[in-house]
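Structure file run.tsv (TSV, C-alpha atoms and all ligand atoms) follows.
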chain	number	residue	atom	x	y	z
A	14	GLY	CA	53.34	17.10	59.37
A	15	GLU	CA	51.46	13.83	60.06
A	16	SER	CA	50.64	13.36	63.70
A	17	THR	CA	51.90	10.21	65.41
A	18	ASN	CA	49.94	10.96	68.58
A	19	PRO	CA	47.76	7.81	69.05
A	20	ILE	CA	44.82	9.77	70.42
A	21	LYS	CA	44.87	12.17	67.50
A	22	LEU	CA	45.15	9.22	65.10
A	23	ALA	CA	42.20	7.46	66.71
A	24	ASN	CA	40.22	10.68	66.56
A	25	LYS	CA	40.94	11.03	62.88
A	26	LYS	CA	39.77	7.46	62.26
A	27	ILE	CA	36.52	8.09	64.12
A	28	MET	CA	35.95	11.30	62.20
A	29	SER	CA	36.42	9.63	58.84
A	30	TYR	CA	34.22	6.71	59.90
A	31	ALA	CA	31.52	9.19	60.96
A	32	SER	CA	31.71	11.06	57.69
A	33	ALA	CA	31.46	7.81	55.71
A	34	LYS	CA	28.37	6.88	57.75
A	35	ARG	CA	26.88	10.31	57.19
A	36	LYS	CA	27.31	9.89	53.47
A	37	GLU	CA	25.75	6.43	53.61
A	38	ILE	CA	22.71	7.79	55.43
A	39	ALA	CA	22.39	10.70	53.00
A	40	ASP	CA	22.54	8.20	50.11
A	41	LEU	CA	19.85	6.03	51.68
A	42	LYS	CA	17.64	9.05	52.24
A	43	ARG	CA	18.08	10.16	48.65
A	44	MET	CA	17.23	6.68	47.42
A	45	GLU	CA	14.17	6.59	49.65
A	46	VAL	CA	12.93	9.92	48.25
A	47	TYR	CA	13.63	8.66	44.74
A	48	ARG	CA	11.69	5.43	45.31
A	49	ARG	CA	8.76	7.26	46.83
A	50	GLU	CA	8.57	9.66	43.90
A	51	PHE	CA	8.95	6.79	41.48
A	52	LEU	CA	6.06	4.89	43.07
A	53	ALA	CA	3.86	7.99	43.07
A	54	ASP	CA	4.64	8.67	39.39
A	55	VAL	CA	4.03	5.07	38.41
A	56	SER	CA	0.71	4.83	40.23
A	57	HIS	CA	-0.40	8.05	38.63
A	58	GLU	CA	0.62	6.98	35.12
A	59	LEU	CA	-0.94	3.52	35.45
A	60	LYS	CA	-4.29	5.07	36.26
A	61	THR	CA	-4.87	6.51	32.79
A	62	PRO	CA	-4.88	3.24	30.81
A	63	ILE	CA	-6.58	1.33	33.64
A	64	PHE	CA	-9.44	3.84	33.92
A	65	ALA	CA	-9.84	3.87	30.15
A	66	ALA	CA	-10.03	0.07	29.84
A	67	GLN	CA	-12.32	-0.07	32.88
A	68	GLY	CA	-14.63	2.51	31.34
A	69	PHE	CA	-15.02	0.61	28.06
A	70	VAL	CA	-15.55	-2.76	29.73
A	71	HIS	CA	-18.17	-1.42	32.13
A	72	THR	CA	-19.99	0.39	29.33
A	73	LEU	CA	-20.06	-2.90	27.44
A	74	LEU	CA	-21.51	-4.68	30.46
A	75	ASP	CA	-24.09	-1.94	30.93
A	76	GLY	CA	-25.63	-2.66	27.55
A	77	ALA	CA	-23.28	-1.50	24.78
A	78	LEU	CA	-22.65	-5.18	24.07
A	79	GLU	CA	-26.07	-5.37	22.37
A	80	ASP	CA	-24.85	-3.28	19.44
A	81	GLU	CA	-22.24	-5.28	17.58
A	82	VAL	CA	-20.58	-2.28	15.91
A	83	ILE	CA	-20.25	-0.33	19.14
A	84	ALA	CA	-19.17	-3.44	21.01
A	85	LYS	CA	-16.33	-4.03	18.60
A	86	ARG	CA	-15.21	-0.41	18.74
A	87	PHE	CA	-15.17	-0.40	22.53
A	88	LEU	CA	-13.34	-3.69	22.72
A	89	LYS	CA	-10.68	-2.34	20.36
A	90	LYS	CA	-10.24	0.71	22.56
A	91	ALA	CA	-10.03	-1.40	25.70
A	92	ALA	CA	-7.43	-3.62	24.00
A	93	LYS	CA	-5.41	-0.56	22.99
A	94	SER	CA	-5.36	0.72	26.56
A	95	LEU	CA	-4.30	-2.68	27.84
A	96	ASP	CA	-1.53	-2.92	25.22
A	97	GLY	CA	-0.28	0.48	26.35
A	98	LEU	CA	-0.39	-0.72	29.94
A	99	ASP	CA	1.57	-3.85	29.05
A	100	ASN	CA	4.14	-1.74	27.26
A	101	MET	CA	4.49	0.61	30.21
A	102	VAL	CA	4.98	-2.25	32.67
A	103	HIS	CA	7.66	-3.77	30.43
A	104	ASN	CA	9.45	-0.44	30.23
A	105	LEU	CA	9.21	0.12	33.98
A	106	LEU	CA	10.64	-3.32	34.62
A	107	SER	CA	13.64	-2.71	32.42
A	108	ILE	CA	14.27	0.65	34.09
A	109	SER	CA	14.09	-0.87	37.55
A	110	GLN	CA	16.32	-3.81	36.59
A	111	LEU	CA	18.94	-1.46	35.19
A	112	GLU	CA	18.78	0.75	38.27
A	113	SER	CA	19.05	-2.07	40.77
A	114	GLY	CA	21.93	-3.61	38.86
A	115	ASP	CA	19.98	-6.89	38.55
A	116	ALA	CA	20.31	-6.77	34.81
A	117	LYS	CA	23.89	-7.35	33.79
A	118	LEU	CA	25.02	-6.18	30.40
A	119	VAL	CA	25.94	-8.88	27.93
A	120	VAL	CA	28.79	-7.22	26.09
A	121	GLU	CA	29.83	-8.59	22.72
A	122	ARG	CA	31.48	-7.38	19.53
A	123	TYR	CA	29.03	-6.93	16.69
A	124	ASP	CA	28.16	-4.95	13.57
A	125	LEU	CA	26.01	-1.99	14.59
A	126	ARG	CA	25.19	-1.07	11.01
A	127	GLU	CA	23.68	-4.48	10.36
A	128	GLN	CA	21.58	-4.12	13.51
A	129	VAL	CA	20.29	-0.69	12.45
A	130	GLU	CA	19.43	-2.11	9.00
A	131	GLU	CA	17.27	-4.74	10.73
A	132	ILE	CA	15.57	-2.01	12.76
A	133	PHE	CA	14.92	0.01	9.60
A	134	ASP	CA	13.24	-3.09	8.10
A	135	GLN	CA	11.05	-3.53	11.16
A	136	LEU	CA	10.02	0.12	11.14
A	137	GLU	CA	9.54	0.48	7.39
A	138	ASN	CA	5.73	0.27	7.51
A	139	LYS	CA	5.47	2.79	10.30
A	140	ALA	CA	7.78	5.16	8.40
A	141	ASP	CA	6.00	4.69	5.04
A	142	LYS	CA	2.67	5.60	6.60
A	143	LYS	CA	4.16	8.92	7.62
A	144	TYR	CA	6.09	9.52	4.38
A	145	VAL	CA	9.34	9.26	6.28
A	146	SER	CA	12.40	7.71	4.70
A	147	LEU	CA	15.03	5.94	6.76
A	148	GLY	CA	18.68	5.76	5.79
A	149	PHE	CA	22.36	6.04	6.64
A	150	SER	CA	24.58	9.04	6.16
A	151	GLU	CA	26.96	8.63	3.22
A	152	ASP	CA	30.01	8.44	5.44
A	153	THR	CA	28.70	5.44	7.39
A	154	ALA	CA	31.00	2.49	6.66
A	155	PRO	CA	29.57	-0.83	5.37
A	156	GLU	CA	30.56	-2.44	8.66
A	157	VAL	CA	30.73	-0.73	12.06
A	158	LEU	CA	32.00	-2.94	14.86
A	159	VAL	CA	31.24	-2.02	18.46
A	160	TYR	CA	31.52	-3.64	21.88
A	161	ALA	CA	28.12	-3.35	23.49
A	162	ASP	CA	25.08	-5.19	24.78
A	163	ARG	CA	23.49	-6.03	21.44
A	164	ARG	CA	19.90	-6.44	22.67
A	165	ARG	CA	19.95	-3.29	24.78
A	166	ILE	CA	21.62	-1.08	22.19
A	167	GLY	CA	19.00	-2.41	19.77
A	168	HIS	CA	16.43	-1.09	22.23
A	169	VAL	CA	18.19	2.32	22.33
A	170	MET	CA	18.34	2.59	18.54
A	171	THR	CA	14.71	1.49	18.17
A	172	ASN	CA	13.50	4.06	20.70
A	173	LEU	CA	15.47	6.89	19.06
A	174	ILE	CA	14.38	5.97	15.53
A	175	VAL	CA	10.73	5.48	16.55
A	176	ASN	CA	10.76	8.95	18.14
A	177	ALA	CA	12.39	10.43	15.05
A	178	ILE	CA	9.56	8.98	12.92
A	179	LYS	CA	6.84	9.83	15.43
A	180	TYR	CA	7.57	13.48	16.17
A	181	GLN	CA	7.12	14.94	12.72
A	182	ASP	CA	4.37	15.43	10.18
A	183	ASN	CA	6.09	17.00	7.24
A	184	LYS	CA	5.31	14.56	4.38
A	185	ALA	CA	8.96	14.52	3.36
A	186	GLY	CA	10.43	13.29	6.58
A	187	LEU	CA	13.98	12.08	6.83
A	188	VAL	CA	15.57	10.01	9.52
A	189	GLU	CA	19.28	9.61	9.08
A	190	VAL	CA	21.56	7.42	11.14
A	191	SER	CA	25.25	8.19	11.06
A	192	LEU	CA	27.87	5.81	12.49
A	193	LYS	CA	31.34	7.22	12.43
A	194	GLU	CA	34.67	6.39	14.01
A	195	GLU	CA	36.02	9.23	16.12
A	196	ASP	CA	38.94	9.11	18.58
A	197	GLY	CA	38.84	5.32	18.62
A	198	LYS	CA	35.14	5.28	19.45
A	199	ILE	CA	31.99	5.06	17.38
A	200	LEU	CA	29.91	8.22	17.29
A	201	VAL	CA	26.25	7.33	16.74
A	202	LYS	CA	23.83	9.99	15.54
A	203	VAL	CA	20.10	9.84	14.85
A	204	THR	CA	18.90	12.94	13.01
A	205	ASP	CA	15.38	13.92	11.98
A	206	ASN	CA	13.79	16.95	10.34
A	207	GLY	CA	10.75	16.86	12.62
A	208	PHE	CA	9.12	19.08	15.24
A	209	GLY	CA	12.27	19.73	17.22
A	210	ILE	CA	12.25	20.23	21.00
A	211	PRO	CA	11.96	23.56	22.80
A	212	GLU	CA	15.15	24.49	24.63
A	213	GLU	CA	13.54	24.46	28.08
A	214	ASP	CA	12.35	20.87	27.53
A	215	VAL	CA	15.60	19.42	26.17
A	216	LYS	CA	17.17	18.97	29.59
A	217	ARG	CA	14.09	17.19	30.90
A	218	ILE	CA	13.18	14.74	28.13
A	219	PHE	CA	15.32	11.96	29.64
A	220	GLU	CA	13.28	12.03	32.85
A	221	ARG	CA	10.80	9.22	33.23
A	222	PHE	CA	7.25	10.12	32.13
A	223	TYR	CA	8.36	13.50	30.82
A	224	ARG	CA	6.64	14.50	27.57
A	225	VAL	CA	6.87	17.74	25.70
A	226	GLU	CA	3.44	19.30	25.26
A	227	LYS	CA	1.58	16.49	26.93
A	228	SER	CA	-1.46	16.31	24.69
A	229	ARG	CA	0.55	15.98	21.50
A	230	ALA	CA	2.79	13.24	22.84
A	231	LYS	CA	-0.17	11.40	24.35
A	232	SER	CA	-2.05	11.38	21.08
A	233	LYS	CA	1.02	9.69	19.64
A	234	GLY	CA	0.74	6.92	22.20
A	235	GLY	CA	3.86	7.79	24.14
A	236	ASN	CA	4.34	7.12	27.82
A	237	GLY	CA	7.46	9.19	28.35
A	238	LEU	CA	9.67	6.20	29.22
A	239	GLY	CA	11.50	5.66	25.93
A	240	LEU	CA	14.27	8.18	26.55
A	241	ALA	CA	14.53	7.28	30.25
A	242	ILE	CA	15.40	3.76	29.10
A	243	VAL	CA	17.85	5.12	26.54
A	244	ARG	CA	19.58	7.08	29.30
A	245	HIS	CA	19.78	4.08	31.65
A	246	ILE	CA	21.13	1.70	29.02
A	247	LEU	CA	23.75	4.19	27.88
A	248	GLN	CA	24.76	4.87	31.49
A	249	ALA	CA	25.32	1.16	32.01
A	250	HIS	CA	27.62	1.35	28.97
A	251	GLY	CA	29.48	4.25	30.61
A	252	THR	CA	28.26	6.74	28.04
A	253	GLN	CA	25.52	9.33	27.64
A	254	CYS	CA	23.20	10.83	25.07
A	255	PHE	CA	23.48	14.40	23.76
A	256	VAL	CA	20.69	16.31	22.07
A	257	LYS	CA	20.84	19.13	19.58
A	258	SER	CA	17.48	20.41	18.50
A	259	SER	CA	15.73	23.42	17.05
A	260	VAL	CA	12.00	23.86	16.95
A	261	GLY	CA	10.58	23.44	13.45
A	262	LEU	CA	13.87	22.12	12.05
A	263	GLY	CA	14.54	18.86	13.79
A	264	SER	CA	16.72	17.05	16.30
A	265	THR	CA	19.90	15.05	16.58
A	266	PHE	CA	20.45	12.51	19.34
A	267	SER	CA	24.05	11.34	19.64
A	268	PHE	CA	26.27	9.16	21.81
A	269	TYR	CA	29.57	7.26	21.72
A	270	LEU	CA	30.03	3.50	21.84
A	271	SER	CA	33.20	1.63	22.60
A	272	THR	CA	35.22	-0.36	20.08
A	273	GLU	CA	36.98	-2.22	22.87
A	274	TYR	CA	35.88	-4.55	25.60
A	275	PHE	CA	34.86	-2.80	28.84
A	276	GLU	CA	33.52	-3.58	32.31
A	277	GLU	CA	29.92	-2.75	33.06
A	278	HIS	CA	29.25	0.62	34.67
A	279	ASP	CA	27.18	0.82	37.80
A	280	VAL	CA	23.99	2.70	36.95
A	281	GLN	CA	23.28	3.59	40.57
A	282	THR	CA	26.65	5.33	40.93
A	283	GLU	CA	26.08	7.14	37.67
A	284	LEU	CA	22.64	8.27	38.88
A	285	ASP	CA	24.13	9.50	42.17
A	286	LYS	CA	26.52	11.77	40.29
A	287	GLU	CA	23.61	13.75	38.87
S	301	LIG	P1	7.36	9.20	24.53
S	301	LIG	O1	6.89	7.85	24.91
S	301	LIG	O2	6.41	10.29	24.92
S	301	LIG	O3	7.82	9.29	23.11
S	301	LIG	P2	10.17	9.55	25.25
S	301	LIG	O4	10.81	9.39	26.58
S	301	LIG	O5	10.62	8.66	24.15
S	301	LIG	O6	8.60	9.40	25.50
S	301	LIG	O7	10.33	11.05	24.78
S	301	LIG	C1	10.02	12.11	25.68
S	301	LIG	C2	9.51	13.33	24.92
S	301	LIG	O8	10.57	13.91	24.18
S	301	LIG	C3	8.43	13.00	23.90
S	301	LIG	O9	7.15	13.05	24.49
S	301	LIG	C4	8.63	14.06	22.84
S	301	LIG	O10	7.86	15.20	23.19
S	301	LIG	C5	10.10	14.43	22.95
S	301	LIG	N1	10.89	13.84	21.86
S	301	LIG	C6	11.62	12.70	21.88
S	301	LIG	N2	12.25	12.47	20.72
S	301	LIG	C7	11.93	13.50	19.90
S	301	LIG	C8	12.26	13.86	18.55
S	301	LIG	N3	13.08	13.11	17.79
S	301	LIG	N4	11.75	15.03	18.07
S	301	LIG	C9	10.93	15.81	18.82
S	301	LIG	N5	10.58	15.52	20.08
S	301	LIG	C10	11.06	14.39	20.63

Give the structure from this file in structure tokens form.
Ligand code: ADP
Amino acid sequence: GESTNPIKLANKKIMSYASAKRKEIADLKRMEVYRREFLADVSHELKTPIFAAQGFVHTLLDGALEDEVIAKRFLKKAAKSLDGLDNMVHNLLSISQLESGDAKLVVERYDLREQVEEIFDQLENKADKKYVSLGFSEDTAPEVLVYADRRRIGHVMTNLIVNAIKYQDNKAGLVEVSLKEEDGKILVKVTDNGFGIPEEDVKRIFERFYRVEKSRAKSKGGNGLGLAIVRHILQAHGTQCFVKSSVGLGSTFSFYLSTEYFEEHDVQTELDKE
């Protein structure tokens, strides 16, 4: 039974205090390793666009400026690298804000279908250029109410739909969004008939900077942060993304959203569970 011996009780208290401290130290160490790796990754990834822009600008200064056609071409390339850099910094900032808990979710009730329609409109040109059509599954209701951070879930949907358009070249591409009520939640699915993702890569695509077949993704202007952001935002909503994919056939990204009000989930705790 429970000991009432005061020395034994005190001992037990000390032991549990020590084990709590040990856990705290282990957590700090893990965070420190994480931050160091993060910084190393970021510095490495920033180099590519910086070197590229630097190269074009210096070549211009070294004389390429004399030729108007070449000058314009180089300036365009430098601008493209800088735009990519800007994009990467934005993405890194949102990841770090979500991880540190600085960015609180703004949860509200809204129509997810309407939001996805707006995203379809914004991406129409991009999709047309690739002969990809965007649409809803037939069983998606005319109105789909969710409780979520509207701006951030917009970001999630945009990233998933952009990827679905980007990673295919089949001239009859389809991107289908399905929003369906299931067990009192909304099941969101984004399906494409694109390249698909090799099985060994599927578990890694949510890591920051991870790209399947680097050259191909790079030529498509990716920086490997889109899905890392998706993961973070969904974690803050207390949910996660599942992937089903087969090479040559296509992929489905899916997750659940709440139909009821909820408290924000701590991303750091969710990360620690992994
Ligand atoms: P990126 O900026 O490279 O698109 P993401 O984090 O959005 O970065 O995606 C990581 C990688 O996962 C991509 O480089 C791509 O290889 C793969 N990927 C993501 N979505 C899809 C998809 N719908 N079909 C095939 N591959 C995909």

Report task. Measure the distance from CA of Gly209 in chain A to atom C8 of ligand LIG 301 (chain S) in Å and round it to one decimal. Result -> 6.0 Å

Query raised in the report: Counting all atoms listed in the file, what residues are within 9 Å of ligand LIG 301 (chain S), given as JSON, numbers by chain?
Result: {"A": [172, 173, 174, 175, 176, 177, 178, 179, 180, 181, 203, 204, 205, 206, 207, 208, 209, 210, 211, 214, 215, 217, 218, 219, 220, 221, 222, 223, 224, 225, 226, 227, 229, 230, 231, 233, 234, 235, 236, 237, 238, 239, 240, 241, 242, 243, 258, 260, 263, 264, 265, 266]}

Requested in this report: Grab the CA of Ile108 in chain A to CA of His245 in chain A distance for me, in Å with one decimal place.
Outcome: 6.9 Å

Query raised in the report: Quick one: residues within 10 Å of range 54-66 of chain A, all atoms listed in the file counted, chain neighbours fewer than 3 positions away excluded, as number ranges by chain?
Result: A: 48-51, 69-72, 87-99, 101-102, 105, 221-222, 236-237

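Distances to Ala140 in chain A were evaluated for A:Ala185, A:Ala33, A:Ala161, A:Leu125 using only C-alpha atoms, and the minimum falls at A:Ala185.
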
Query raised in the report: Residues at most 10 Å from Ile246 in chain A, counting only C-alpha atoms, excluding those fewer than 4 positions away in the same chain, as a VMD selection string?
Result: chain A and resid 107 to 108 111 to 112 118 162 165 to 166 168 to 169 240 to 242 250 to 253 278 280

**Report entry** Interatomic distance, CA of Asn183 in chain A to CA of Leu136 in chain A (Å, one decimal)
**Finding:**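 Answer for the CA of Asn183 in chain A to CA of Leu136 in chain A separation: 17.8 Å.
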
Query raised in the report: With all atoms listed in the file as the atoms that count, which of A:Ser267, A:Ser113, A:Gln248, A:Gln128 lies nearest to Arg164 in chain A?
Result: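 Selected residue with least distance to Arg164 in chain A: A:Gln128.
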
Report task. Select, from A:Gly186, A:Pro19, A:Gly68, A:Gly76, the residue with the minimum atom-to-atom distance to Lys143 in chain A, counting only C-alpha atoms. Result -> A:Gly186

Query - Selected residue of minimal separation from Ser259 in chain A among A:Glu156, A:Val119, A:Ser29, A:Glu212, counting all atoms listed in the file - result: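 The answer is A:Glu212, which sits nearest to Ser259 in chain A.
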
Report summary line: Of A:Glu127, A:Glu121, A:Asp141, A:Glu273, the one sitting nearest Lys184 in chain A when using only C-alpha atoms is A:Asp141
